[in-house]
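The structure file run-v7.tsv is reproduced below (TSV, C-alpha atoms).
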```tsv
chain	number	residue	atom	x	y	z
A	1	MET	CA	0.00	0.00	0.00
A	2	SER	CA	1.56	3.35	-1.01
A	3	VAL	CA	-1.20	5.92	-1.71
A	4	LEU	CA	-4.08	6.63	0.67
A	5	LEU	CA	-6.99	8.55	-0.92
A	6	VAL	CA	-9.39	10.17	1.56
A	7	GLU	CA	-12.65	11.69	0.25
A	8	PRO	CA	-15.32	12.82	2.74
A	9	PHE	CA	-17.72	13.98	-0.02
A	10	TYR	CA	-17.77	11.18	-2.59
A	11	GLY	CA	-20.03	12.65	-5.25
A	12	GLY	CA	-19.98	14.95	-8.26
A	13	SER	CA	-16.56	16.30	-9.22
A	14	HIS	CA	-15.08	14.96	-5.98
A	15	LYS	CA	-16.02	11.45	-7.09
A	16	GLN	CA	-14.63	12.14	-10.56
A	17	LEU	CA	-11.23	12.97	-9.11
A	18	ILE	CA	-11.07	9.95	-6.81
A	19	ASP	CA	-12.15	7.63	-9.62
A	20	VAL	CA	-9.59	8.94	-12.13
A	21	LEU	CA	-6.80	8.67	-9.56
A	22	ARG	CA	-7.82	5.17	-8.52
A	23	GLU	CA	-7.91	4.08	-12.17
A	24	ASN	CA	-4.53	5.56	-13.06
A	25	ILE	CA	-2.39	5.50	-9.90
A	26	ASP	CA	-1.02	2.13	-8.80
A	27	ASP	CA	-1.48	0.73	-5.31
A	28	CYS	CA	-4.22	3.05	-3.99
A	29	VAL	CA	-6.40	2.53	-0.93
A	30	VAL	CA	-9.56	4.65	-0.81
A	31	TYR	CA	-11.70	5.77	2.15
A	32	THR	CA	-14.85	7.81	1.43
A	33	LEU	CA	-18.07	9.14	2.93
A	34	PRO	CA	-21.34	9.71	1.00
A	35	ALA	CA	-21.88	13.12	-0.64
A	36	LYS	CA	-24.20	14.65	1.95
A	37	LYS	CA	-24.07	17.84	4.05
A	38	TRP	CA	-20.73	19.04	2.73
A	39	HIS	CA	-20.40	21.77	5.38
A	40	TRP	CA	-20.51	19.09	8.07
A	41	ARG	CA	-18.20	16.82	6.10
A	42	ALA	CA	-15.59	19.58	5.99
A	43	ARG	CA	-15.87	20.16	9.74
A	44	THR	CA	-16.19	16.69	11.21
A	45	SER	CA	-15.14	14.01	8.71
A	46	ALA	CA	-11.60	13.94	10.13
A	47	LEU	CA	-13.04	12.49	13.35
A	48	TYR	CA	-14.63	9.63	11.41
A	49	PHE	CA	-11.55	8.87	9.35
A	50	MET	CA	-9.32	9.02	12.44
A	51	GLN	CA	-11.32	6.13	13.90
A	52	ASN	CA	-11.74	4.12	10.70
A	53	ILE	CA	-8.46	4.36	8.80
A	54	PRO	CA	-6.10	1.78	10.33
A	55	GLU	CA	-2.54	2.71	11.19
A	56	SER	CA	-0.03	1.68	8.56
A	57	PRO	CA	3.70	2.23	8.01
A	58	SER	CA	2.88	2.78	4.33
A	59	TYR	CA	1.56	6.29	4.80
A	60	SER	CA	1.82	9.30	7.05
A	61	LEU	CA	-0.59	12.17	7.68
A	62	VAL	CA	2.15	14.81	7.96
A	63	ALA	CA	2.32	16.66	4.65
A	64	ASP	CA	5.55	17.25	2.76
A	65	THR	CA	3.74	18.87	-0.15
A	66	VAL	CA	0.39	20.67	-0.07
A	67	LEU	CA	-1.55	20.71	-3.36
A	68	PHE	CA	-4.32	23.10	-4.35
A	69	ASN	CA	-6.54	22.90	-7.42
A	70	SER	CA	-6.20	26.66	-8.12
A	71	THR	CA	-4.19	29.69	-7.09
A	72	PHE	CA	-7.38	31.20	-5.69
A	73	ASN	CA	-7.84	28.15	-3.48
A	74	MET	CA	-4.24	28.33	-2.24
A	75	GLU	CA	-4.21	32.06	-1.54
A	76	SER	CA	-7.62	32.14	0.13
A	77	PHE	CA	-6.51	29.33	2.46
A	78	LEU	CA	-3.14	30.83	3.38
A	79	THR	CA	-4.34	34.41	3.79
A	80	SER	CA	-7.28	33.39	5.99
A	81	MET	CA	-5.07	31.59	8.52
A	82	PRO	CA	-3.93	34.63	10.57
A	83	SER	CA	-7.48	35.90	11.15
A	84	PHE	CA	-8.64	32.38	12.04
A	85	PHE	CA	-5.93	31.92	14.65
A	86	LYS	CA	-6.65	35.34	16.14
A	87	SER	CA	-10.06	33.99	17.16
A	88	ILE	CA	-8.38	31.33	19.33
A	89	PRO	CA	-8.30	32.55	22.95
A	90	ASP	CA	-4.73	31.38	23.66
A	91	HIS	CA	-1.93	29.04	22.55
A	92	ARG	CA	-2.09	30.46	19.05
A	93	PRO	CA	0.32	29.00	16.47
A	94	LYS	CA	2.60	31.73	15.11
A	95	ASP	CA	3.43	32.30	11.44
A	96	LEU	CA	1.90	28.98	10.43
A	97	ASP	CA	1.00	30.33	6.99
A	98	SER	CA	4.65	31.23	6.39
A	99	LEU	CA	5.72	27.72	7.37
A	100	ILE	CA	3.17	26.05	5.07
A	101	ARG	CA	3.57	28.28	2.00
A	102	PRO	CA	6.93	26.82	0.85
A	103	LYS	CA	5.25	23.39	0.69
A	104	CYS	CA	2.37	24.62	-1.49
A	105	GLN	CA	1.84	23.90	-5.18
A	106	VAL	CA	-1.05	24.43	-7.60
A	107	LEU	CA	-2.12	21.33	-9.51
A	108	HIS	CA	-5.35	21.78	-11.44
A	109	PHE	CA	-8.22	19.33	-11.34
A	110	PRO	CA	-7.65	16.67	-14.04
A	111	ILE	CA	-10.85	16.26	-16.08
A	112	ARG	CA	-11.49	13.28	-18.36
A	113	PHE	CA	-13.06	15.10	-21.30
A	114	PRO	CA	-15.02	12.63	-23.46
A	115	ASP	CA	-15.28	12.82	-27.23
A	116	VAL	CA	-18.58	14.62	-27.80
A	117	THR	CA	-18.27	15.06	-31.56
A	118	ARG	CA	-21.25	12.81	-32.26
A	119	PHE	CA	-23.50	14.99	-30.05
A	120	LEU	CA	-22.52	18.40	-31.44
A	121	PRO	CA	-24.94	20.27	-33.71
A	122	GLU	CA	-23.66	21.29	-37.12
A	123	HIS	CA	-22.80	24.89	-36.24
A	124	LYS	CA	-20.65	23.77	-33.29
A	125	LEU	CA	-18.79	21.27	-35.43
A	126	HIS	CA	-18.13	23.99	-37.98
A	127	ARG	CA	-16.98	26.41	-35.27
A	128	ARG	CA	-14.68	23.79	-33.77
A	129	THR	CA	-13.04	23.18	-37.16
A	130	ILE	CA	-12.44	26.90	-37.71
A	131	GLY	CA	-11.10	27.29	-34.19
A	132	SER	CA	-8.66	24.41	-34.55
A	133	HIS	CA	-7.16	26.02	-37.66
A	134	ILE	CA	-6.83	29.37	-35.93
A	135	ASN	CA	-5.31	27.67	-32.89
A	136	CYS	CA	-2.58	26.13	-35.07
A	137	ALA	CA	-1.83	29.46	-36.71
A	138	THR	CA	-1.82	31.68	-33.60
A	139	ALA	CA	-0.58	29.54	-30.69
A	140	VAL	CA	2.70	30.86	-29.27
A	141	PRO	CA	5.24	28.17	-28.26
A	142	GLY	CA	5.99	28.28	-24.55
A	143	ASP	CA	2.91	30.40	-23.87
A	144	MET	CA	0.16	27.81	-24.07
A	145	HIS	CA	-1.35	28.99	-20.79
A	146	SER	CA	-2.05	32.44	-22.20
A	147	HIS	CA	-5.59	33.50	-23.07
A	148	SER	CA	-4.27	35.89	-25.73
A	149	HIS	CA	-4.61	33.37	-28.54
A	150	LEU	CA	-7.82	31.87	-29.82
A	151	ILE	CA	-8.53	28.30	-28.71
A	152	VAL	CA	-11.43	26.19	-29.84
A	153	ALA	CA	-13.57	25.00	-26.97
A	154	GLY	CA	-12.93	21.41	-26.07
A	155	SER	CA	-9.67	21.15	-28.00
A	156	SER	CA	-7.68	18.39	-26.39
A	157	SER	CA	-5.04	17.71	-29.01
A	158	SER	CA	-1.45	18.32	-27.97
A	159	GLN	CA	0.01	17.34	-31.35
A	160	PRO	CA	2.00	19.95	-33.32
A	161	CYS	CA	0.27	21.48	-36.33
A	162	SER	CA	1.31	20.39	-39.78
A	163	GLU	CA	2.45	22.90	-42.40
A	164	SER	CA	-0.80	22.47	-44.31
A	165	GLU	CA	-2.80	23.10	-41.14
A	166	GLU	CA	-0.78	26.28	-40.47
A	167	GLU	CA	-1.42	27.56	-43.99
A	168	SER	CA	-5.13	26.76	-43.67
A	169	GLY	CA	-5.22	28.46	-40.28
A	170	GLN	CA	-3.67	31.63	-41.73
A	171	GLN	CA	-6.33	31.67	-44.46
A	172	GLN	CA	-9.10	31.20	-41.89
A	173	ASP	CA	-7.59	33.93	-39.71
A	174	ALA	CA	-8.11	36.42	-42.49
A	175	ALA	CA	-11.85	35.64	-42.49
A	176	VAL	CA	-12.40	35.09	-38.77
A	177	THR	CA	-10.67	37.71	-36.63
A	178	PRO	CA	-10.45	37.00	-32.88
A	179	GLU	CA	-12.33	39.55	-30.83
A	180	PRO	CA	-10.04	41.82	-28.78
A	181	GLU	CA	-10.28	41.54	-25.02
A	182	ARG	CA	-12.20	44.42	-23.50
A	183	ASP	CA	-11.27	46.42	-20.44
A	184	THR	CA	-14.64	48.16	-20.16
A	185	GLU	CA	-16.66	47.94	-16.97
A	186	ASP	CA	-19.50	45.85	-18.37
A	187	GLN	CA	-17.34	43.47	-20.51
A	188	ARG	CA	-20.02	43.40	-23.15
A	189	GLY	CA	-18.62	40.44	-25.08
A	190	PRO	CA	-19.72	39.42	-28.56
A	191	GLU	CA	-23.39	40.36	-28.43
A	192	LEU	CA	-22.73	43.78	-29.97
A	193	GLN	CA	-20.24	42.59	-32.57
A	194	PRO	CA	-21.10	42.76	-36.29
A	195	PRO	CA	-22.14	39.32	-37.51
A	196	PRO	CA	-19.54	37.59	-39.74
A	197	ALA	CA	-20.66	35.34	-42.57
A	198	THR	CA	-20.73	31.76	-41.33
A	199	LEU	CA	-22.72	28.57	-41.18
A	200	LEU	CA	-26.27	28.90	-39.92
A	201	PRO	CA	-27.18	26.94	-36.77
A	202	GLN	CA	-28.70	23.52	-37.29
A	203	GLY	CA	-32.41	23.61	-38.02
A	204	SER	CA	-32.45	27.17	-39.40
A	205	HIS	CA	-32.36	28.72	-42.85
A	206	PRO	CA	-32.00	32.23	-44.25
A	207	GLY	CA	-34.90	34.43	-43.23
A	208	ALA	CA	-36.14	32.03	-40.55
A	209	GLN	CA	-36.45	33.08	-36.93
A	210	PRO	CA	-33.57	31.41	-35.02
A	211	ARG	CA	-34.46	28.94	-32.30
A	212	PRO	CA	-34.47	30.53	-28.84
A	213	LEU	CA	-31.27	30.88	-26.84
A	214	HIS	CA	-30.68	27.71	-24.80
A	215	ILE	CA	-29.30	28.50	-21.31
A	216	VAL	CA	-27.92	25.73	-19.09
A	217	TRP	CA	-27.21	25.79	-15.33
A	218	PRO	CA	-25.41	22.51	-14.42
A	219	HIS	CA	-24.68	22.82	-10.68
A	220	ARG	CA	-25.54	21.33	-7.31
A	221	TRP	CA	-28.94	22.48	-6.11
A	222	GLU	CA	-27.60	24.21	-3.02
A	223	HIS	CA	-27.42	27.77	-1.75
A	224	ASP	CA	-23.68	28.23	-2.31
A	225	LYS	CA	-24.33	28.04	-6.07
A	226	ASP	CA	-26.76	31.00	-5.70
A	227	PRO	CA	-29.72	29.62	-7.66
A	228	GLU	CA	-31.69	32.63	-6.36
A	229	LEU	CA	-29.65	34.98	-8.56
A	230	PHE	CA	-29.98	32.66	-11.55
A	231	PHE	CA	-33.76	32.39	-11.35
A	232	ARG	CA	-34.21	36.11	-10.62
A	233	THR	CA	-32.32	36.80	-13.83
A	234	LEU	CA	-34.42	34.37	-15.87
A	235	LEU	CA	-37.64	35.86	-14.53
A	236	LYS	CA	-36.45	39.31	-15.62
A	237	LEU	CA	-35.85	37.93	-19.11
A	238	LYS	CA	-39.32	36.40	-19.11
A	239	ASP	CA	-40.93	39.64	-17.91
A	240	GLY	CA	-39.16	41.41	-20.76
A	241	GLY	CA	-40.85	39.14	-23.28
A	242	LEU	CA	-37.58	37.58	-24.45
A	243	ARG	CA	-37.39	34.14	-26.05
A	244	PHE	CA	-35.16	31.57	-24.35
A	245	GLN	CA	-35.06	27.97	-23.22
A	246	VAL	CA	-33.44	26.68	-20.03
A	247	SER	CA	-32.03	23.41	-18.75
A	248	VAL	CA	-31.50	23.21	-15.00
A	249	LEU	CA	-29.26	20.22	-14.35
A	250	GLY	CA	-27.15	19.10	-11.37
A	251	GLU	CA	-27.47	16.91	-8.31
A	252	THR	CA	-30.01	17.36	-5.52
A	253	PHE	CA	-29.50	16.41	-1.89
A	254	THR	CA	-31.64	16.17	1.24
A	255	ASP	CA	-32.45	19.87	1.45
A	256	VAL	CA	-33.34	21.59	-1.82
A	257	PRO	CA	-33.61	25.41	-1.75
A	258	ASP	CA	-37.22	26.59	-2.08
A	259	ILE	CA	-36.38	28.75	-5.09
A	260	PHE	CA	-36.33	25.70	-7.40
A	261	ALA	CA	-39.99	24.86	-6.78
A	262	GLU	CA	-40.96	28.55	-6.72
A	263	ALA	CA	-39.31	29.38	-10.05
A	264	ARG	CA	-40.36	26.27	-11.94
A	265	VAL	CA	-44.01	27.28	-12.30
A	266	PRO	CA	-43.54	30.72	-13.91
A	267	LEU	CA	-40.70	29.38	-16.10
A	268	GLU	CA	-42.51	26.20	-17.18
A	269	GLU	CA	-42.93	27.21	-20.83
A	270	HIS	CA	-39.17	27.90	-21.10
A	271	ILE	CA	-37.92	24.66	-19.49
A	272	LEU	CA	-36.31	22.00	-21.70
A	273	HIS	CA	-34.71	19.84	-18.98
A	274	TRP	CA	-35.17	19.90	-15.22
A	275	GLY	CA	-33.09	17.93	-12.75
A	276	TYR	CA	-30.30	15.39	-12.68
A	277	MET	CA	-29.81	13.57	-16.00
A	278	PRO	CA	-30.04	9.76	-15.75
A	279	THR	CA	-26.76	9.09	-17.59
A	280	LYS	CA	-23.54	10.93	-18.38
A	281	GLU	CA	-24.36	10.63	-22.06
A	282	ASP	CA	-27.72	12.34	-21.56
A	283	TYR	CA	-25.97	15.09	-19.61
A	284	LEU	CA	-23.41	15.65	-22.38
A	285	LYS	CA	-26.14	15.76	-25.04
A	286	VAL	CA	-27.87	18.61	-23.19
A	287	LEU	CA	-24.59	20.53	-22.88
A	288	CYS	CA	-23.82	20.03	-26.56
A	289	ASN	CA	-27.20	21.46	-27.57
A	290	ALA	CA	-27.05	24.42	-25.18
A	291	ASP	CA	-25.72	27.85	-26.16
A	292	VAL	CA	-24.74	29.53	-22.87
A	293	VAL	CA	-23.65	28.05	-19.54
A	294	ILE	CA	-24.10	30.16	-16.42
A	295	SER	CA	-22.39	30.14	-13.05
A	296	THR	CA	-23.82	32.19	-10.21
A	297	ALA	CA	-21.65	30.54	-7.56
A	298	LYS	CA	-20.74	32.16	-4.26
A	299	HIS	CA	-18.24	29.39	-3.47
A	300	GLU	CA	-16.02	27.82	-6.11
A	301	PHE	CA	-12.39	26.69	-6.05
A	302	PHE	CA	-12.35	25.24	-9.58
A	303	GLY	CA	-15.63	24.60	-11.42
A	304	VAL	CA	-15.60	21.31	-13.32
A	305	ALA	CA	-19.17	21.72	-14.63
A	306	MET	CA	-18.33	25.01	-16.35
A	307	LEU	CA	-15.31	23.53	-18.12
A	308	GLU	CA	-17.29	20.46	-19.17
A	309	ALA	CA	-19.89	22.75	-20.71
A	310	VAL	CA	-17.22	24.79	-22.51
A	311	HIS	CA	-15.79	21.52	-23.83
A	312	CYS	CA	-19.26	20.93	-25.30
A	313	GLY	CA	-19.23	24.32	-27.01
A	314	CYS	CA	-21.20	26.46	-24.54
A	315	TYR	CA	-20.42	30.16	-24.13
A	316	PRO	CA	-19.52	30.67	-20.42
A	317	LEU	CA	-20.75	33.49	-18.20
A	318	CYS	CA	-19.14	33.49	-14.75
A	319	PRO	CA	-18.76	35.87	-11.80
A	320	LYS	CA	-15.69	38.09	-11.89
A	321	ALA	CA	-14.65	36.54	-8.59
A	322	LEU	CA	-13.53	33.30	-6.93
A	323	VAL	CA	-11.50	31.06	-9.26
A	324	TYR	CA	-13.10	32.18	-12.51
A	325	PRO	CA	-10.70	35.01	-13.52
A	326	GLU	CA	-7.91	32.44	-13.23
A	327	ILE	CA	-9.50	30.22	-15.89
A	328	PHE	CA	-11.68	32.43	-18.12
A	329	PRO	CA	-10.75	35.56	-20.11
A	330	ALA	CA	-12.38	38.82	-19.05
A	331	GLU	CA	-15.05	38.81	-21.76
A	332	TYR	CA	-16.72	35.79	-20.10
A	333	LEU	CA	-16.96	37.43	-16.66
A	334	TYR	CA	-19.65	39.66	-15.14
A	335	SER	CA	-19.25	41.88	-12.08
A	336	THR	CA	-22.86	42.48	-11.03
A	337	PRO	CA	-26.29	40.83	-11.42
A	338	ASP	CA	-27.27	43.66	-13.75
A	339	GLN	CA	-24.35	42.87	-16.03
A	340	LEU	CA	-25.35	39.20	-16.14
A	341	CYS	CA	-28.91	40.17	-17.06
A	342	LYS	CA	-27.69	42.62	-19.71
A	343	ARG	CA	-25.46	40.02	-21.34
A	344	LEU	CA	-28.25	37.44	-21.45
A	345	ARG	CA	-30.73	39.99	-22.74
A	346	GLY	CA	-28.42	40.71	-25.67
A	347	PHE	CA	-27.92	37.01	-26.33
A	348	CYS	CA	-31.67	36.34	-26.28
A	349	LYS	CA	-32.14	39.01	-28.94
A	350	ARG	CA	-29.25	37.71	-31.05
A	351	PRO	CA	-28.63	34.00	-30.28
A	352	ASP	CA	-26.89	33.66	-33.64
A	353	VAL	CA	-24.00	35.79	-32.34
A	354	VAL	CA	-23.31	33.33	-29.52
A	355	ARG	CA	-23.53	30.40	-31.93
A	356	ARG	CA	-20.87	31.95	-34.16
A	357	HIS	CA	-18.47	32.80	-31.36
A	358	THR	CA	-15.32	30.67	-31.02
A	359	ILE	CA	-14.58	30.30	-27.33
A	360	LYS	CA	-11.16	31.42	-26.12
A	361	VAL	CA	-10.60	28.75	-23.47
A	362	ASP	CA	-8.16	25.88	-23.88
A	363	THR	CA	-9.85	23.07	-21.96
A	364	SER	CA	-7.00	20.67	-22.69
A	365	MET	CA	-4.93	22.47	-20.04
A	366	TYR	CA	-7.23	20.89	-17.46
A	367	SER	CA	-7.33	17.37	-18.90
A	368	TRP	CA	-5.98	14.19	-17.34
A	369	GLU	CA	-3.94	13.66	-20.51
A	370	VAL	CA	-1.99	16.85	-19.75
A	371	LEU	CA	-1.95	16.70	-15.94
A	372	GLY	CA	-1.75	12.94	-15.31
A	373	ASP	CA	2.05	12.72	-15.16
A	374	ARG	CA	2.18	15.53	-12.60
A	375	PHE	CA	-0.25	13.65	-10.38
A	376	ARG	CA	1.74	10.43	-10.74
A	377	SER	CA	4.89	12.31	-9.80
A	378	ALA	CA	3.24	14.03	-6.83
A	379	LEU	CA	1.99	10.71	-5.48
A	380	SER	CA	5.28	8.88	-5.83
A	381	VAL	CA	8.32	8.72	-3.58
A	382	SER	CA	10.58	9.92	-6.39
A	383	GLY	CA	8.33	12.91	-7.04
A	384	LEU	CA	8.35	13.92	-3.41
A	385	THR	CA	12.12	13.52	-3.24
A	386	ALA	CA	12.48	15.86	-6.19
A	387	THR	CA	10.17	18.53	-4.72
A	388	GLN	CA	11.53	18.31	-1.18
A	389	GLY	CA	15.21	18.05	-2.02
A	390	GLY	CA	15.57	14.57	-0.58
A	391	GLN	CA	13.54	12.14	1.47
A	392	ALA	CA	14.47	9.01	3.34
A	393	GLU	CA	14.36	5.89	1.21
A	394	GLY	CA	11.26	3.85	1.89
A	395	SER	CA	9.21	6.80	3.12
A	396	PRO	CA	5.47	6.60	2.46
A	397	ALA	CA	4.49	7.78	-1.01
A	398	GLY	CA	1.27	9.63	-0.46
A	399	CYS	CA	-1.77	10.61	1.55
A	400	PHE	CA	-4.22	12.55	-0.59
A	401	SER	CA	-7.44	14.25	0.54
A	402	PRO	CA	-9.08	15.93	-2.46
A	403	SER	CA	-12.04	17.50	-0.65
A	404	LEU	CA	-10.40	19.16	2.28
A	405	GLU	CA	-8.33	22.14	1.32
A	406	PRO	CA	-5.37	22.07	1.50
A	407	VAL	CA	-4.53	18.66	0.03
A	408	GLY	CA	-1.61	17.01	1.78
A	409	VAL	CA	0.86	14.67	0.10
A	410	SER	CA	3.19	13.01	2.53
```
Represent the structure from my file as structure tokens, please.
Amino acid sequence: MSVLLVEPFYGGSHKQLIDVLRENIDDCVVYTLPAKKWHWRARTSALYFMQNIPESPSYSLVADTVLFNSTFNMESFLTSMPSFFKSIPDHRPKDLDSLIRPKCQVLHFPIRFPDVTRFLPEHKLHRRTIGSHINCATAVPGDMHSHSHLIVAGSSSSQPCSESEEESGQQQDAAVTPEPERDTEDQRGPELQPPPATLLPQGSHPGAQPRPLHIVWPHRWEHDKDPELFFRTLLKLKDGGLRFQVSVLGETFTDVPDIFAEARVPLEEHILHWGYMPTKEDYLKVLCNADVVISTAKHEFFGVAMLEAVHCGCYPLCPKALVYPEIFPAEYLYSTPDQLCKRLRGFCKRPDVVRRHTIKVDTSMYSWEVLGDRFRSALSVSGLTATQGGQAEGSPAGCFSPSLEPVGVS
């Protein structure tokens, strides 16, 4: 036994991470708790695991390396430590954040992006082809983490472009110019851009009224995802007489916020899908046929659902807060509820603009194919020796707790 995986909230993206590690890392032992009451899991699960994980010389619970799934996660943890310890009446640890920081690393969540080509409507397939050519022509070697070049949503290829692809990309670039990033307060995005000539969305023809904008919200049905803001925004769109369709996906737990039942009745005529999809394939089909994916989260350290939707060709709209500025360019961020409503109002009036837009997010950066070797290294004795400058031979390889920030590897 060399790697101990501890997951107190075994559901959703937490389950995805444990499963991909168990499938790809040798010699793992896994201890989990069901995905219920995550606030309580964060506070008290250590007591359960302390009593149920047997002692073993194969692992230690003293971290040599502390991994975070985003810089936002790491900084929010470290900078909150001093104020937390000030609330302790006495025997306060001193400078603990300074002692932990040298051990800290950012290692993004590794997503297994499936091939969704067979589910994509024609206009998304066309957009993906154009984007891949532009990607080959504009990507800057050594700067693949930059948002300054245009990346097709869901691109997961790490192969170099051929000369013919580069030439084709240069020709496409003349016809499809990437939108410049905007520094304006409202980050208006593409809804006010002049429409370029391109393929019409599936099911439409010249002169026909385009099908309504399809909005998807694929998150846990809990208050920290702020469904209240999402439904308030949709009701404003409805009151304004705008055409749209909505799919409200995601898992439900014991306590569902009242707003879901309250909003469903007035939005009934706009609803395409409501609730947790029975299979992953059904879930991906909905994402592939949606136009815009919304996050209204108040608490988010990474956001797997948003990246999955972008992989399926959805235009993302996220708060200009939490982890989102770390992942998404500024044009996909909103600062206030009014800005979110304004963006959606423009998209409802011109859904064709969203359907033409090539999304500037490289999802392959967050794939297991790209990140897998780093995880294998982090959870191996040799990897720890390299990061720590030497470790006793035969030391335990890893103890990994994905849910509880920070994540310790010992």
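A straight line drawn from atom CA of A:Val66 to atom CA of A:Pro102 is 9.0 Å long.
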query: Could you pull the residues within 9 Å of stretch 366-375 of chain A, counting only C-alpha atoms, minus those fewer than 6 positions along the same chain, as an NGL selection string?
result: :A and (20-21 or 24-25 or 107-113 or 156 or 158 or 307 or 383)
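Atom CA of A:Arg355 lies 16.4 Å from atom CA of A:Lys285.
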Tell me, as a PDB file with C-alpha atoms, in the frame of the given file, which residues lie within 12 Å of A:Lys236, counting only C-alpha atoms; anything in the same chain fewer than 3 positions away does not count.
```
ATOM      1  CA  LEU A 229     -29.650  34.980  -8.560  1.00  0.00           C
ATOM      2  CA  PHE A 230     -29.980  32.660 -11.550  1.00  0.00           C
ATOM      3  CA  PHE A 231     -33.760  32.390 -11.350  1.00  0.00           C
ATOM      4  CA  ARG A 232     -34.210  36.110 -10.620  1.00  0.00           C
ATOM      5  CA  THR A 233     -32.320  36.800 -13.830  1.00  0.00           C
ATOM      6  CA  ASP A 239     -40.930  39.640 -17.910  1.00  0.00           C
ATOM      7  CA  GLY A 240     -39.160  41.410 -20.760  1.00  0.00           C
ATOM      8  CA  GLY A 241     -40.850  39.140 -23.280  1.00  0.00           C
ATOM      9  CA  LEU A 242     -37.580  37.580 -24.450  1.00  0.00           C
ATOM     10  CA  ARG A 243     -37.390  34.140 -26.050  1.00  0.00           C
ATOM     11  CA  PHE A 244     -35.160  31.570 -24.350  1.00  0.00           C
ATOM     12  CA  ALA A 263     -39.310  29.380 -10.050  1.00  0.00           C
ATOM     13  CA  PRO A 266     -43.540  30.720 -13.910  1.00  0.00           C
ATOM     14  CA  LEU A 267     -40.700  29.380 -16.100  1.00  0.00           C
ATOM     15  CA  PRO A 337     -26.290  40.830 -11.420  1.00  0.00           C
ATOM     16  CA  ASP A 338     -27.270  43.660 -13.750  1.00  0.00           C
ATOM     17  CA  LEU A 340     -25.350  39.200 -16.140  1.00  0.00           C
ATOM     18  CA  CYS A 341     -28.910  40.170 -17.060  1.00  0.00           C
ATOM     19  CA  LYS A 342     -27.690  42.620 -19.710  1.00  0.00           C
ATOM     20  CA  LEU A 344     -28.250  37.440 -21.450  1.00  0.00           C
ATOM     21  CA  ARG A 345     -30.730  39.990 -22.740  1.00  0.00           C
TER      22      ARG A 345
END
```
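For the point (-22.9, 8.8, -23.8), the residues with at least one atom inside 12 Å, counting all atoms listed in the file, are Phe113, Pro114, Asp115, Val116, Thr117, Arg118, Phe119, Met277, Pro278, Thr279, Lys280, Glu281, Asp282, Tyr283, Leu284, Lys285, Val286, Leu287 and Cys288 of chain A.
Atom CA of A:Ala378 is positioned 26.1 Å from atom CA of A:Pro325.
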